[in-house]
Amino acid sequence: PNTPTLAITKIAGNPVPASAVGSYSTPDITLPSTTTNPISIEISGANIPVGTSVKITSVPQSGSSTSANATLTGDEASSTATASLSISGSSPSVLTAEATFTVQVAMFYEGEKIEKVTVASTPGKGSEVTYITETGKKIPAAMLMASIK
């Protein structure tokens, strides 16, 4: 099957820069001090079933993290979601998005059935895909693809 992808595309209406790095030391987007919570976070997905819930988490450099959920709409080839999330106004935050869904086709790794897929994304870091077997074994996408060759 096609490898799923997930990306945070806009934060409070601001497009995530193509050169994003997702770090505390070099914020990718600086919001005006007049920005009020919650803010909108836009997500895009591909090769993820429509209706899948995406968890968006804000992890501030200091303080407690916050999270919100949004549901992907559109079609499996191209889907979107928008969440309302409260973020720290006093320190930089790194945002992540994560979705887990049930595999729609029969897939196996070393004889064990793969049951679920988790896709995680941080701006500037791309999508990280992990396949999860029935017994809970986690297989990074690169390892699964290497075993197919």
# chains A, B, ... in the order shown; residues from 1 in each chain; ligands from 1
$ select_by_dssp --residues "segment 41-78 of chain A" --states "strand (DSSP E)" --output "number ranges by chain"
A: 41-46, 53-60, 66-71, 73-75, 78
$ residues_around --residues "Ala142 of chain A" --least-positions-apart "5" --cutoff "12 Å" --atoms "only C-alpha atoms" --output "list in words"
Thr3, Ser127, Glu128, Val129, Thr130, Tyr131, Ser147, Ile148 and Lys149 of chain A
$ closest_atom_pairs --of "segment 49-74 of chain A" --to "segment 91-99 of chain A" --cutoff "7 Å" --atoms "only C-alpha atoms" --output "Markdown table"
| residue | atom | partner | partner_atom | distance |
| --- | --- | --- | --- | --- |
| A:Thr52 | CA | A:Ala99 | CA | 7.0 |
| A:Ser53 | CA | A:Ala99 | CA | 6.1 |
| A:Val54 | CA | A:Ala99 | CA | 4.6 |
| A:Lys55 | CA | A:Glu98 | CA | 5.2 |
| A:Ile56 | CA | A:Ala97 | CA | 4.4 |
| A:Thr57 | CA | A:Thr96 | CA | 5.3 |
| A:Ser58 | CA | A:Leu95 | CA | 4.5 |
| A:Val59 | CA | A:Ser93 | CA | 5.2 |
| A:Pro60 | CA | A:Ser93 | CA | 3.9 |
| A:Gln61 | CA | A:Pro92 | CA | 5.7 |
| A:Ser62 | CA | A:Ser91 | CA | 6.5 |
$ residues_around --residues "Lys113 of chain A" --least-positions-apart "4" --cutoff "6 Å" --atoms "only C-alpha atoms" --output "number ranges by chain"
A: 107-108, 133
$ atom_distance --atom1 "atom CA of Ile8 of chain A" --atom2 "atom CA of Ala120 of chain A"
10.2 Å
$ residues_around --residues "Asn14 of chain A" --least-positions-apart "3" --cutoff "8 Å" --atoms "only C-alpha atoms" --output "MDAnalysis selection string"
chainID A and resid 10:11 29
$ write_last_selection --atoms "N, CA and C atoms" --output "CSV table (one decimal), in the first residue's frame"
chain,number,residue,atom,x,y,z
A,10,LYS,N,-1.0,24.7,8.7
A,10,LYS,CA,-1.2,26.1,9.1
A,10,LYS,C,-1.4,26.1,10.6
A,11,ILE,N,-0.8,27.2,11.2
A,11,ILE,CA,-0.9,27.4,12.6
A,11,ILE,C,-1.5,28.8,12.8
A,29,ILE,N,7.1,29.9,13.4
A,29,ILE,CA,6.1,30.9,13.3
A,29,ILE,C,6.1,31.6,14.6
$ atom_distance --atom1 "atom CA of Ser79 of chain A" --atom2 "atom CA of Asn47 of chain A"
8.5 Å
$ residues_around --residues "Asp28 of chain A" --least-positions-apart "2" --cutoff "10 Å" --atoms "only C-alpha atoms" --output "list in words"
Pro15, Val16, Pro17, Ala18, Ser19, Ala20, Val21, Gly22, Ser23, Tyr24, Ser25, Thr26, Thr30, Leu31, Pro92, Val94, Pro123 and Gly124 of chain A
$ closest_residue --among "A:Pro49, A:Pro32, A:Pro27, A:Gly111" --to "Asn2 of chain A" --atoms "only C-alpha atoms"
A:Pro49
$ closest_residue --among "A:Val105, A:Ala68, A:Met145, A:Glu112" --to "Ile87 of chain A" --atoms "only C-alpha atoms"
A:Ala68
$ closest_residue --among "A:Thr5, A:Thr66, A:Thr100, A:Ser90" --to "Ile132 of chain A" --atoms "only C-alpha atoms"
A:Thr100
$ residues_around --residues "Leu6 of chain A" --least-positions-apart "3" --cutoff "7 Å" --atoms "only C-alpha atoms" --output "list in words"
Ser44, Gly45, Ala46, Val119, Ala120, Ser121 and Ser127 of chain A
$ decode --residues "segment 68-84 of chain A" --atoms "N, CA, C and O atoms" --output "PDB file, in the first residue's frame"
ATOM      1  N   ALA A  68      -5.473  18.416  21.358  1.00  0.00           N
ATOM      2  CA  ALA A  68      -6.827  18.468  20.826  1.00  0.00           C
ATOM      3  C   ALA A  68      -6.928  17.436  19.710  1.00  0.00           C
ATOM      4  O   ALA A  68      -5.912  17.021  19.149  1.00  0.00           O
ATOM      5  N   ASN A  69      -8.146  17.039  19.401  1.00  0.00           N
ATOM      6  CA  ASN A  69      -8.369  16.062  18.337  1.00  0.00           C
ATOM      7  C   ASN A  69      -9.152  16.689  17.200  1.00  0.00           C
ATOM      8  O   ASN A  69      -9.946  17.606  17.412  1.00  0.00           O
ATOM      9  N   ALA A  70      -8.906  16.174  16.007  1.00  0.00           N
ATOM     10  CA  ALA A  70      -9.643  16.582  14.815  1.00  0.00           C
ATOM     11  C   ALA A  70      -9.831  15.339  13.962  1.00  0.00           C
ATOM     12  O   ALA A  70      -9.055  14.378  14.064  1.00  0.00           O
ATOM     13  N   THR A  71     -10.844  15.342  13.109  1.00  0.00           N
ATOM     14  CA  THR A  71     -11.152  14.190  12.273  1.00  0.00           C
ATOM     15  C   THR A  71     -10.880  14.510  10.810  1.00  0.00           C
ATOM     16  O   THR A  71     -11.325  15.546  10.309  1.00  0.00           O
ATOM     17  N   LEU A  72     -10.144  13.619  10.139  1.00  0.00           N
ATOM     18  CA  LEU A  72      -9.822  13.816   8.729  1.00  0.00           C
ATOM     19  C   LEU A  72     -11.064  13.672   7.849  1.00  0.00           C
ATOM     20  O   LEU A  72     -11.844  12.734   8.019  1.00  0.00           O
ATOM     21  N   THR A  73     -11.220  14.610   6.922  1.00  0.00           N
ATOM     22  CA  THR A  73     -12.302  14.566   5.940  1.00  0.00           C
ATOM     23  C   THR A  73     -11.694  14.719   4.549  1.00  0.00           C
ATOM     24  O   THR A  73     -10.561  15.165   4.407  1.00  0.00           O
ATOM     25  N   GLY A  74     -12.464  14.393   3.540  1.00  0.00           N
ATOM     26  CA  GLY A  74     -11.985  14.475   2.156  1.00  0.00           C
ATOM     27  C   GLY A  74     -12.033  13.089   1.552  1.00  0.00           C
ATOM     28  O   GLY A  74     -13.058  12.421   1.599  1.00  0.00           O
ATOM     29  N   ASP A  75     -10.898  12.621   1.040  1.00  0.00           N
ATOM     30  CA  ASP A  75     -10.796  11.240   0.581  1.00  0.00           C
ATOM     31  C   ASP A  75      -9.445  10.692   0.996  1.00  0.00           C
ATOM     32  O   ASP A  75      -8.596  11.425   1.479  1.00  0.00           O
ATOM     33  N   GLU A  76      -9.277   9.388   0.829  1.00  0.00           N
ATOM     34  CA  GLU A  76      -8.052   8.765   1.334  1.00  0.00           C
ATOM     35  C   GLU A  76      -6.790   9.331   0.689  1.00  0.00           C
ATOM     36  O   GLU A  76      -5.748   9.441   1.328  1.00  0.00           O
ATOM     37  N   ALA A  77      -6.880   9.735  -0.566  1.00  0.00           N
ATOM     38  CA  ALA A  77      -5.709  10.273  -1.260  1.00  0.00           C
ATOM     39  C   ALA A  77      -5.311  11.649  -0.728  1.00  0.00           C
ATOM     40  O   ALA A  77      -4.137  12.002  -0.729  1.00  0.00           O
ATOM     41  N   SER A  78      -6.296  12.424  -0.271  1.00  0.00           N
ATOM     42  CA  SER A  78      -6.018  13.783   0.205  1.00  0.00           C
ATOM     43  C   SER A  78      -7.093  14.194   1.203  1.00  0.00           C
ATOM     44  O   SER A  78      -8.248  14.402   0.827  1.00  0.00           O
ATOM     45  N   SER A  79      -6.709  14.299   2.464  1.00  0.00           N
ATOM     46  CA  SER A  79      -7.664  14.656   3.501  1.00  0.00           C
ATOM     47  C   SER A  79      -7.136  15.818   4.338  1.00  0.00           C
ATOM     48  O   SER A  79      -5.940  16.118   4.320  1.00  0.00           O
ATOM     49  N   THR A  80      -8.055  16.464   5.053  1.00  0.00           N
ATOM     50  CA  THR A  80      -7.685  17.598   5.905  1.00  0.00           C
ATOM     51  C   THR A  80      -8.475  17.540   7.203  1.00  0.00           C
ATOM     52  O   THR A  80      -9.509  16.870   7.297  1.00  0.00           O
ATOM     53  N   ALA A  81      -7.977  18.271   8.189  1.00  0.00           N
ATOM     54  CA  ALA A  81      -8.664  18.410   9.474  1.00  0.00           C
ATOM     55  C   ALA A  81      -8.220  19.722  10.093  1.00  0.00           C
ATOM     56  O   ALA A  81      -7.117  20.218   9.810  1.00  0.00           O
ATOM     57  N   THR A  82      -9.067  20.288  10.930  1.00  0.00           N
ATOM     58  CA  THR A  82      -8.729  21.504  11.664  1.00  0.00           C
ATOM     59  C   THR A  82      -9.083  21.292  13.126  1.00  0.00           C
ATOM     60  O   THR A  82     -10.180  20.832  13.446  1.00  0.00           O
ATOM     61  N   ALA A  83      -8.140  21.629  14.004  1.00  0.00           N
ATOM     62  CA  ALA A  83      -8.361  21.517  15.445  1.00  0.00           C
ATOM     63  C   ALA A  83      -8.201  22.887  16.090  1.00  0.00           C
ATOM     64  O   ALA A  83      -7.477  23.739  15.573  1.00  0.00           O
ATOM     65  N   SER A  84      -8.865  23.074  17.212  1.00  0.00           N
ATOM     66  CA  SER A  84      -8.687  24.273  18.028  1.00  0.00           C
ATOM     67  C   SER A  84      -7.850  23.867  19.226  1.00  0.00           C
ATOM     68  O   SER A  84      -8.220  22.952  19.971  1.00  0.00           O
TER      69      SER A  84
END
